[in-house]
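So the structure is just underneath, and the comments pick up after that.
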Amino acid sequence: MILIFLITISKISAGDAAATTYANISNLFGIDPNAGLNSFLTLLIPAGGKYEGMGTAFTAMSVDSGFLDANPAGSSFIKNSELTFFHNNWIADTNLESVTYTSRWGDFGIGIGGKFLYLPFTGIDDWGDRAKNEDGTFSSGYYTETVTTFNMAYTFLNNYYYHGIAVGANFKMAYRGVPYSIAPDQSALALMVDLGMQTKFNVLKFFSSRDKNFGFGIAVKNVGTEFIRDPDPLPTMISTGIAYSPLRPMTWAFDINIPFNLDGTPSEAVSYAAGLDLGITSFLSVQSGIQIKTGLPRFSIGSSLDMDRFSLTANYTLDLTTQVTTLDRFSLALKLNLGDFGRMSRLERAQLLYLQGLEEYANGQISKAIALWEESLKIRPELTPAKEMIETARKTQELNQIIQDRQTIDE
């Protein structure tokens, strides 16, 4: 129903009153005089998935490979290895294709991703007419931007009660391709880095789950430069956010994005994002988000179908560039679940041994209980309750020995 309403509003805006409608909305949110002055703006376009569906409020989230755009620390929290393909029909005939792979071994996570934006482009001369090549043909070609990302992250201080602090980094290389016949010497290479931190713990948790219900994250993104004469600054920014699950199927997220330019020139205004991820069933969830940005507010809505081996996410975004006539601003993401290398089965095995140890302890078989807990710690060293119970059991053995010794003396 919400989607039908949004499309209806878009159709009204696409009519004769489109210019007036968009102008009024723009005035409502102001105009940013420094917007669009950065290069490689592909870095700011979400590939899709829950990252886009939640309005990019994802700095404290690590539920899928969207962390590559949001916070590089997320790979050491990701549950399963994933291979994800994205298609984003951005504006008119501009498309963004992306692919990511991420995996985790214990507390160490890695990721690799690629973005490719392309659109047909026609050369225009100083008089506004179509430019021609030397052979008399019209100047045309494809404008492209390609971004490749290599990620690694590690979680410190991870234990049973606390997920620890994850730190991570992205190393990114971007290339802009501009046909020489359209604009000579405008192709360029850029190198940059992202740094991020993320942590998870329990706050006001009213449900039972192994997962922590509160997250905090901060990231510095796109720190680098492009290699070209008279380069424009990259869209560098600091993002910080929180994510909170008051109930099991619901997660709220809030982000603040603070742009800045390394060359000291004025940057865009601060923007804000808020998102919701709501589980409807065990296999179906919906996402929604809003990004408050001067001159360009954005609203997103999406849905994810999560099966054992794959997930499919579809999003629709409404902003001042949305055009229903070309059916743009839709994105699709196909995620292949490649498993967790047996991590969950080992966790469940350790948990079972721990419970068996509690049963033996309750039956007075303290030595058997300690042996079971020690075996569970071999599988999962961070199982803190097992360590605590071993200490308690050994104190119980010492106390029993003292009691036996006194009984012997009395006899």
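Within each chain, counting starts at residue 1; across the structure tokens, chains are named A, B, ... in the order shown, with ligands numbered 1 upward in that order.
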
10 Å contact set for A:Glu52, only C-alpha atoms, chain neighbours under 2 positions out, as a list in words: Ile45, Pro46, Ala47, Gly48, Gly49, Lys50, Met54, Gly55, Thr56, Ala57, Phe58, Gly66, Gly275, Gln287, Ser288, Gly289, Ile290, Phe299, Ser300, Ile301, Gly302, Ala314, Asn315, Tyr316, Thr317 and Ser331 of chain A

Shell around A:Ala369 at 6 Å using only C-alpha atoms, local window under 6 positions removed, as JSON, numbers by chain: {"A": [357, 360, 361]}

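When only C-alpha atoms are used to measure the gap to A:Ser39, the shortest distance among A:Gln401, A:Asn222, A:Thr102, A:Thr149 belongs to A:Asn222.
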
Per-residue DSSP, stretch 109-338 of chain A, filtered to strand (DSSP E or B), as a ChimeraX atom specification: /A:109-122,124,130,132,138,140-156,165-177,188-201,214-227,237-247,250-259,271-279,284-292,298-306,310-319,330-337

For A:His163: contacts at 7 Å, only C-alpha atoms, fewer than 5 positions along chain excluded, given as a PyMOL selection string: chain A and resi 158+199-201

Distance query A:Asp232 at most 9 Å, only C-alpha atoms, self and fewer than 4 positions along chain excluded, as a ChimeraX atom specification: /A:37-39,225-226,228,263

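Atom CA of A:Lys395 is positioned 11.6 Å from atom CA of A:Ile370.
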
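Atom CA of A:Ser304 lies 9.1 Å from atom CA of A:Ala333.
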
Go through stretch 41-87 of chain A and flag each residue having an atom no more than 12 Å from stretch 115-118 of chain A; for those, report the closest pair of atoms plus their distance in Å to one decimal, using only C-alpha atoms, ordered by chain and rising number, as CSV.
residue,atom,partner,partner_atom,distance
A:Leu41,CA,A:Leu117,CA,10.2
A:Thr42,CA,A:Leu117,CA,7.1
A:Leu43,CA,A:Lys115,CA,8.8
A:Leu44,CA,A:Lys115,CA,11.3
A:Ile45,CA,A:Leu117,CA,9.6
A:Pro46,CA,A:Lys115,CA,9.8
A:Ala47,CA,A:Lys115,CA,7.6
A:Gly48,CA,A:Lys115,CA,11.2
A:Leu68,CA,A:Lys115,CA,11.1
A:Asp69,CA,A:Lys115,CA,10.6
A:Thr84,CA,A:Lys115,CA,11.9
A:Phe85,CA,A:Lys115,CA,10.3
A:Phe86,CA,A:Lys115,CA,9.1
A:His87,CA,A:Lys115,CA,9.9

Residue neighbourhood stretch 240-242 of chain A, 8 Å, only C-alpha atoms, exclusion window fewer than 2 positions, as a list in words: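 Skipping anything fewer than 2 positions along the chain leaves Ala57, Phe58, Thr59, Ala60, Phe214, Gly215, Phe216, Gly217, Ile218, Ala219, Ile238, Tyr244, Ala253, Phe254, Asp255, Ile256 and Asn257 of chain A.
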
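For stretch 125-348 of chain A, a DSSP pass over the backbone yields alpha helix (DSSP H) at Arg343, Met344, Ser345, Arg346, Leu347 and Glu348 of chain A.
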